[in-house]
Amino acid sequence: MSLAQEMFAIAPATGKANLSASQLKLLSGKARWIFRVSEAGFPTIPTIAITRAAWEALQAQRVKKDNRLRTHWVSCLFRLVGKDGKPPTLVVRTSASRHNGGLMPARVGISPPVNEADSVDPTRPLARAIKDAFDSYGYDTGLWTGSRSAEERARQIVLVQAMAEGEIEQFLTRHSGTGVLGPAPADGAGLPRLPKSCAALVALLDAKAGRHMVCAVAIERGEARFLSARPLQASIAAELEAAVDRVGSGVWTRQNAVNRTDPARLAQLLHPRLKSAATSSAIATGLGVSPGAASGFIVFTAEDAARMRARGKHCILVVTETGPGDVEGMKAATGILTARGGMTSHAGVIARITGKPCVAGVRNLSVNSVEMSCQIGDREFRAGDRLTIDGSDGSVYAGMLDLSQPHIGGALGTLLDWSDASRTIAVRTNVETVESARTALSFGAEGIGLARSEHMFFSPERMVALRRLILSEDENDRTRALEGLVDYQRGDYAALFVAMRGRPVTVRLFDPPLHEFLPRSEEDIEDTAASLGLAVRALRLRLDRIAEVNPMLGHRGVRLAITYPEILQMQIQALMAGARAASETQSEPVLLEVMVPFVSTASEVAFVRERVMAIAGNSGLLRSDRARLSFGTMIELPRACLRAGDIAQMVDFFSFGTNDLTQTTFGISRDDAPTFLASYQRKAIYERDPFVTIDEKGVGEMISLAITRGKAANPRLKIGICGEHAGDPASLAYFAGLGVDYVSCSPYRVPIARLTLAQASA
């Protein structure tokens, strides 16, 4: 395309604009809508466009006294002249693809050039306004060094319009709150009196843009002429209603509606939100690791959180970091605030599973659990004081702010139903409780892809039984502890299987280091010693013997099943007992998938598989069609990825634990990463946080390699993703290209996964 072709009319005063394909590609921002409206035949303010490259060439030729391009430029300006032959007063506007607060506002009331030289002279009003408009894009030549950047800079456009006569009125094409087709009032003002033709303009713009727009028209003698339009960010609820309405009116297909909805914004519909954040100042900011807002009284212990809930009061659990012993308190709390941790920290994972807002990694938060107080910046708070947190953006506020409750309308359900029609990858959920399972099912989960068996031990009486098992040195004592734990878990598993009604349930065998379940505080050690009938000194010696320096890479996962076969036996016995109990109350078969975590060798998998199948076989349940058992492994270590071919021959499925695989591939602790990852991103060392969005070039390649090798060795191998990345839209789009069979995410991310995977499958 020549530079002369980069000066062209998009809405001429007379006739039609005949744009080439290359010229159409130049249209961005307002220019696109001005052309579309004019092309459709609606009266439009005359408008021409010029690119930066063409303008700079005009200036270069001006210096050389070369008039070739100037002649074409003047002919373009004449396209703004109406039938009366009188050159109009002019307006100069920017037209960027994205809003930028630094862009020059419309420069109005510019006198038309009196001669050809006047049209390019930078001291004259028109040329000066055009130069200022290009300068306002904010990029000088020195900053645009790459070939692509230089090309984008050259193709920036500025619009020159005829000055509109009459009253300028603004309105919305759809109501920003309800999504109802307009004209609708803008900026909270009343709707101006508009000609009837504006209804047709609204329908036209809505069909062309497919989104909420702010529209400006000039009204003269009762007639409207289109001036410009720009997109408006409406609420996600309004956008969903609008999408369903467009399908109903035949403007979109169902797939159009699915593809043009942002999955990341669905979370706003599933959690409470702040009403008045704009009028309040945050006292601290951390990482928003579980969306939604919560207000309540400060508590510092799980016990106090439970007491608050029993009294019907909302509370915020404030701790340095959470651990397994805090789970009951996290369930009881309305929200969680921690000084340490990141997106995949214990607090973040549990908060998303339970649907609780959580802000983690607040650097200026220090907690004094002895004094029952905390310091946030220079302010001190005590138990019973009030806080508000926003788990969407990580903000912390003093006091209790007003919240708006989630709105889940029929449009969301309709859109998700449409998405399921094109989705080829199943969506499961990560849950351990019946309550969470029911929540996930209500959001469309198709099974459980990760039930963390250790999460079922967090009640006080179960913790005592588990500690007895871990610390026992006498076979009789160990046997008694096992019997108690089987009894506890039998009912848990039965209830979970019944809730899922024949859908697959993947249970991960015991995974975390044992020390996480052992007493730490003086009071807890004394209570545990008394419950086990041990002297405090003897208990301390046992605790010292099993303490680990680096437990994340220590005695956990499959290593526990091998070195503590009693734990493995207890879990499988409980699972089979729960499956039997469930099968007696329902017609659907129990689909149980046992998953062994943290494997690195095929021999580990073979060892555990043999024992699992033996224990399950002895139950007699598998000889009927009431229960079906699959055996698989969680792939979360680089060596397991490399040896996937060996491992695949012994299992029915792989489920990639992307949280630990990211840790072990990068060599970064996910809990400690927030202290330096933000700096890495600011300095462009990392483009994105690898614990939020999958690292495609490293961790992603490990997953791809493991799938390829695993499928080659076992073509029937089923592939799942069960890490937190399974709820991130960008990561899900990547996984969809790897040939996975299912993903599994926290309940409140199930709708996001359903929509994202439908878009990836289209």
# chains A, B, ... in the order shown; residues from 1 in each chain; ligands from 1
call {"tool": "select_by_dssp", "arguments": {"residues": "region 445-508 of chain A", "states": "helix (DSSP H, G or I)", "output": "VMD selection string"}}
result
chain A and resid 453 to 457 460 to 471 475 to 500
call {"tool": "write_last_selection", "arguments": {"atoms": "N, CA and C atoms", "output": "CSV table (one decimal), in the first residue's frame"}}
result
chain,number,residue,atom,x,y,z
A,453,SER,N,-6.8,-36.8,50.4
A,453,SER,CA,-7.2,-37.6,51.6
A,453,SER,C,-6.8,-37.1,52.9
A,454,GLU,N,-5.7,-36.4,52.9
A,454,GLU,CA,-5.2,-35.9,54.2
A,454,GLU,C,-6.1,-34.8,54.8
A,455,HIS,N,-6.9,-34.1,53.9
A,455,HIS,CA,-7.7,-33.1,54.4
A,455,HIS,C,-8.9,-33.6,55.2
A,456,MET,N,-9.1,-34.9,55.2
A,456,MET,CA,-10.2,-35.5,56.0
A,456,MET,C,-9.8,-35.8,57.5
A,457,PHE,N,-8.6,-35.4,57.9
A,457,PHE,CA,-8.1,-35.7,59.2
A,457,PHE,C,-8.0,-34.4,60.1
A,460,PRO,N,-10.3,-32.4,65.4
A,460,PRO,CA,-9.5,-32.7,66.6
A,460,PRO,C,-9.4,-34.2,66.9
A,461,GLU,N,-10.5,-34.9,66.9
A,461,GLU,CA,-10.5,-36.3,67.3
A,461,GLU,C,-9.8,-37.2,66.3
A,462,ARG,N,-9.9,-36.8,65.0
A,462,ARG,CA,-9.2,-37.5,64.0
A,462,ARG,C,-7.7,-37.2,64.0
A,463,MET,N,-7.3,-36.0,64.3
A,463,MET,CA,-5.9,-35.7,64.4
A,463,MET,C,-5.3,-36.5,65.5
A,464,VAL,N,-6.0,-36.7,66.6
A,464,VAL,CA,-5.4,-37.5,67.7
A,464,VAL,C,-5.1,-39.0,67.2
A,465,ALA,N,-6.1,-39.5,66.5
A,465,ALA,CA,-6.0,-40.9,65.9
A,465,ALA,C,-4.8,-41.0,64.9
A,466,LEU,N,-4.7,-39.9,64.1
A,466,LEU,CA,-3.6,-39.9,63.1
A,466,LEU,C,-2.2,-39.8,63.8
A,467,ARG,N,-2.2,-38.9,64.8
A,467,ARG,CA,-0.9,-38.8,65.5
A,467,ARG,C,-0.6,-40.1,66.3
A,468,ARG,N,-1.6,-40.8,66.8
A,468,ARG,CA,-1.3,-42.1,67.4
A,468,ARG,C,-0.7,-43.1,66.4
A,469,LEU,N,-1.2,-43.0,65.2
A,469,LEU,CA,-0.6,-43.9,64.1
A,469,LEU,C,0.8,-43.5,63.8
A,470,ILE,N,1.0,-42.3,63.6
A,470,ILE,CA,2.4,-41.8,63.2
A,470,ILE,C,3.4,-42.1,64.3
A,471,LEU,N,3.0,-41.8,65.5
A,471,LEU,CA,4.0,-41.9,66.6
A,471,LEU,C,4.1,-43.2,67.3
A,475,GLU,N,2.8,-52.4,67.9
A,475,GLU,CA,1.9,-52.9,66.8
A,475,GLU,C,0.5,-52.8,67.3
A,476,ASN,N,0.2,-53.2,68.5
A,476,ASN,CA,-1.2,-53.1,69.0
A,476,ASN,C,-1.7,-51.7,69.0
A,477,ASP,N,-0.9,-50.8,69.4
A,477,ASP,CA,-1.3,-49.4,69.4
A,477,ASP,C,-1.6,-48.9,68.0
A,478,ARG,N,-0.7,-49.3,67.1
A,478,ARG,CA,-0.9,-48.9,65.7
A,478,ARG,C,-2.2,-49.5,65.1
A,479,THR,N,-2.5,-50.8,65.5
A,479,THR,CA,-3.7,-51.4,65.0
A,479,THR,C,-4.9,-50.7,65.5
A,480,ARG,N,-4.9,-50.3,66.7
A,480,ARG,CA,-6.1,-49.6,67.3
A,480,ARG,C,-6.3,-48.2,66.6
A,481,ALA,N,-5.2,-47.6,66.3
A,481,ALA,CA,-5.2,-46.3,65.6
A,481,ALA,C,-5.8,-46.5,64.2
A,482,LEU,N,-5.4,-47.5,63.5
A,482,LEU,CA,-5.8,-47.8,62.2
A,482,LEU,C,-7.3,-48.1,62.1
A,483,GLU,N,-7.8,-48.9,63.1
A,483,GLU,CA,-9.2,-49.2,63.1
A,483,GLU,C,-10.1,-47.9,63.2
A,484,GLY,N,-9.6,-47.0,64.1
A,484,GLY,CA,-10.4,-45.8,64.3
A,484,GLY,C,-10.4,-44.9,63.1
A,485,LEU,N,-9.2,-44.8,62.4
A,485,LEU,CA,-9.2,-44.0,61.2
A,485,LEU,C,-10.0,-44.6,60.0
A,486,VAL,N,-10.0,-45.9,59.9
A,486,VAL,CA,-10.9,-46.5,58.9
A,486,VAL,C,-12.3,-46.2,59.1
A,487,ASP,N,-12.7,-46.3,60.4
A,487,ASP,CA,-14.1,-46.0,60.7
A,487,ASP,C,-14.5,-44.5,60.4
A,488,TYR,N,-13.5,-43.6,60.7
A,488,TYR,CA,-13.8,-42.2,60.4
A,488,TYR,C,-14.0,-42.0,58.9
A,489,GLN,N,-13.0,-42.5,58.1
A,489,GLN,CA,-13.0,-42.2,56.7
A,489,GLN,C,-14.1,-43.0,55.9
A,490,ARG,N,-14.5,-44.1,56.4
A,490,ARG,CA,-15.6,-44.9,55.7
A,490,ARG,C,-16.8,-44.0,55.4
A,491,GLY,N,-17.2,-43.3,56.5
A,491,GLY,CA,-18.4,-42.5,56.3
A,491,GLY,C,-18.1,-41.3,55.4
A,492,ASP,N,-16.9,-40.7,55.5
A,492,ASP,CA,-16.6,-39.6,54.6
A,492,ASP,C,-16.6,-40.0,53.1
A,493,TYR,N,-16.0,-41.1,52.8
A,493,TYR,CA,-15.9,-41.5,51.4
A,493,TYR,C,-17.3,-41.9,50.9
A,494,ALA,N,-18.1,-42.6,51.8
A,494,ALA,CA,-19.4,-43.0,51.3
A,494,ALA,C,-20.3,-41.8,51.0
A,495,ALA,N,-20.2,-40.8,51.8
A,495,ALA,CA,-21.0,-39.6,51.6
A,495,ALA,C,-20.5,-38.9,50.3
A,496,LEU,N,-19.2,-38.9,50.0
A,496,LEU,CA,-18.7,-38.3,48.8
A,496,LEU,C,-19.1,-39.0,47.6
A,497,PHE,N,-19.0,-40.4,47.6
A,497,PHE,CA,-19.4,-41.2,46.5
A,497,PHE,C,-20.9,-41.0,46.2
A,498,VAL,N,-21.8,-40.9,47.2
A,498,VAL,CA,-23.2,-40.8,47.0
A,498,VAL,C,-23.5,-39.4,46.4
A,499,ALA,N,-22.8,-38.4,46.9
A,499,ALA,CA,-23.0,-37.0,46.4
A,499,ALA,C,-22.6,-37.0,44.9
A,500,MET,N,-21.7,-37.7,44.4
A,500,MET,CA,-21.2,-37.7,43.0
A,500,MET,C,-22.0,-38.6,42.1
call {"tool": "residues_around", "arguments": {"residues": "Pro88 (chain A)", "least_positions_apart": "3", "cutoff": "12 Å", "atoms": "only C-alpha atoms", "output": "VMD selection string"}}
result
chain A and resid 13 45 to 47 77 to 85 91 108 to 114 160 to 165
call {"tool": "residues_around", "arguments": {"residues": "region 615-623 of chain A", "least_positions_apart": "4", "cutoff": "7 Å", "atoms": "only C-alpha atoms", "output": "list in words"}}
result
Ile572, Gln573, Met576, Arg580, Arg611, Ala627 and Arg628 of chain A
call {"tool": "write_last_selection", "arguments": {"atoms": "C-alpha atoms", "output": "PDB file, in the first residue's frame"}}
result
ATOM      1  CA  ILE A 572      -7.572 -48.387  50.799  1.00  0.00           C
ATOM      2  CA  GLN A 573      -9.653 -50.229  53.400  1.00  0.00           C
ATOM      3  CA  MET A 576     -13.444 -49.805  49.742  1.00  0.00           C
ATOM      4  CA  ARG A 580     -19.474 -50.595  49.556  1.00  0.00           C
ATOM      5  CA  ARG A 611      -0.601 -53.554  47.410  1.00  0.00           C
ATOM      6  CA  ALA A 627     -17.710 -50.448  41.986  1.00  0.00           C
ATOM      7  CA  ARG A 628     -14.947 -49.896  39.463  1.00  0.00           C
TER       8      ARG A 628
END
call {"tool": "residues_around", "arguments": {"residues": "His314 (chain A)", "least_positions_apart": "5", "cutoff": "7 Å", "atoms": "only C-alpha atoms", "output": "PyMOL selection string"}}
result
chain A and resi 295-297+308-309+333-334
call {"tool": "write_last_selection", "arguments": {"atoms": "N, CA and C atoms", "output": "short mmCIF file (atom, residue, chain, number, x, y, z; two decimals), in the first residue's frame"}}
result
data_model
loop_
_atom_site.label_atom_id
_atom_site.label_comp_id
_atom_site.auth_asym_id
_atom_site.auth_seq_id
_atom_site.Cartn_x
_atom_site.Cartn_y
_atom_site.Cartn_z
N SER A 295 -15.94 -9.12 55.03
CA SER A 295 -15.77 -8.22 56.18
C SER A 295 -16.06 -9.01 57.45
N GLY A 296 -15.38 -8.62 58.53
CA GLY A 296 -15.67 -9.30 59.78
C GLY A 296 -14.72 -8.92 60.89
N PHE A 297 -14.95 -9.55 62.06
CA PHE A 297 -14.11 -9.33 63.23
C PHE A 297 -12.81 -10.12 63.08
N MET A 308 -16.85 -17.79 66.53
CA MET A 308 -17.54 -16.69 65.86
C MET A 308 -18.66 -17.22 64.96
N ARG A 309 -18.36 -18.26 64.22
CA ARG A 309 -19.37 -18.81 63.32
C ARG A 309 -20.55 -19.37 64.12
N ALA A 333 -14.15 -19.27 59.01
CA ALA A 333 -13.95 -17.84 58.78
C ALA A 333 -14.68 -17.38 57.53
N THR A 334 -14.96 -16.09 57.47
CA THR A 334 -15.56 -15.50 56.28
C THR A 334 -14.50 -15.16 55.25
#
call {"tool": "residues_around", "arguments": {"residues": "region 318-322 of chain A", "least_positions_apart": "4", "cutoff": "8 Å", "atoms": "only C-alpha atoms", "output": "PyMOL selection string"}}
result
chain A and resi 298-301+326-327+336-341+346-347+366-367+369
call {"tool": "select_by_dssp", "arguments": {"residues": "region 223-273 of chain A", "states": "strand (DSSP E)", "output": "list in words"}}
result
Glu223, Ala224, Arg225, Phe226, Leu227, Ser228, Ala229, Arg230, Pro231 and Arg273 of chain A
call {"tool": "closest_residue", "arguments": {"among": "A:Arg107, A:Arg52, A:Arg153, A:Lys30", "to": "Phe226 (chain A)", "atoms": "only C-alpha atoms"}}
result
A:Lys30
call {"tool": "closest_atom_pairs", "arguments": {"of": "region 468-526 of chain A", "to": "region 648-660 of chain A", "cutoff": "12 Å", "atoms": "only C-alpha atoms", "output": "tab-separated table"}}
result
residue	atom	partner	partner_atom	distance
A:Thr506	CA	A:Ser655	CA	9.6
A:Val507	CA	A:Ser655	CA	11.3
A:Arg508	CA	A:Ser655	CA	10.1
A:Asp511	CA	A:Asp660	CA	11.7
A:Pro512	CA	A:Asp660	CA	11.8
call {"tool": "write_last_selection", "arguments": {"atoms": "N, CA, C and O atoms", "output": "CSV table (one decimal), in the first residue's frame"}}
result
chain,number,residue,atom,x,y,z
A,506,THR,N,-11.5,-39.2,42.0
A,506,THR,CA,-10.0,-39.5,42.1
A,506,THR,C,-9.6,-39.1,43.5
A,506,THR,O,-9.6,-37.9,43.9
A,507,VAL,N,-9.1,-40.1,44.3
A,507,VAL,CA,-8.6,-39.9,45.6
A,507,VAL,C,-7.1,-40.0,45.6
A,507,VAL,O,-6.5,-41.0,45.2
A,508,ARG,N,-6.4,-38.9,46.0
A,508,ARG,CA,-5.0,-38.9,46.1
A,508,ARG,C,-4.6,-39.5,47.5
A,508,ARG,O,-5.1,-39.1,48.5
A,511,ASP,N,-0.3,-37.4,51.2
A,511,ASP,CA,0.8,-36.8,50.5
A,511,ASP,C,1.7,-35.9,51.4
A,511,ASP,O,2.9,-36.1,51.2
A,512,PRO,N,1.2,-35.1,52.3
A,512,PRO,CA,2.2,-34.1,52.9
A,512,PRO,C,3.1,-34.8,53.9
A,512,PRO,O,2.8,-35.9,54.4
call {"tool": "closest_residue", "arguments": {"among": "A:Arg36, A:Arg352, A:Arg68, A:Arg382", "to": "Ala207 (chain A)", "atoms": "only C-alpha atoms"}}
result
A:Arg36
call {"tool": "residues_around", "arguments": {"residues": "Lys208 (chain A)", "least_positions_apart": "4", "cutoff": "12 Å", "atoms": "only C-alpha atoms", "output": "PyMOL selection string"}}
result
chain A and resi 32-37+39-40+173+201-204+212-213+229+231+246+251-252
call {"tool": "atom_distance", "arguments": {"atom1": "CA of Arg225 (chain A)", "atom2": "CA of Pro43 (chain A)"}}
result
4.9 Å
call {"tool": "closest_residue", "arguments": {"among": "A:Arg155, A:Arg254, A:Lys25, A:Arg124", "to": "Ala421 (chain A)", "atoms": "only C-alpha atoms"}}
result
A:Arg254
call {"tool": "closest_residue", "arguments": {"among": "A:Ile719, A:Ile353, A:Ile48, A:Leu126", "to": "Arg438 (chain A)", "atoms": "only C-alpha atoms"}}
result
A:Ile353
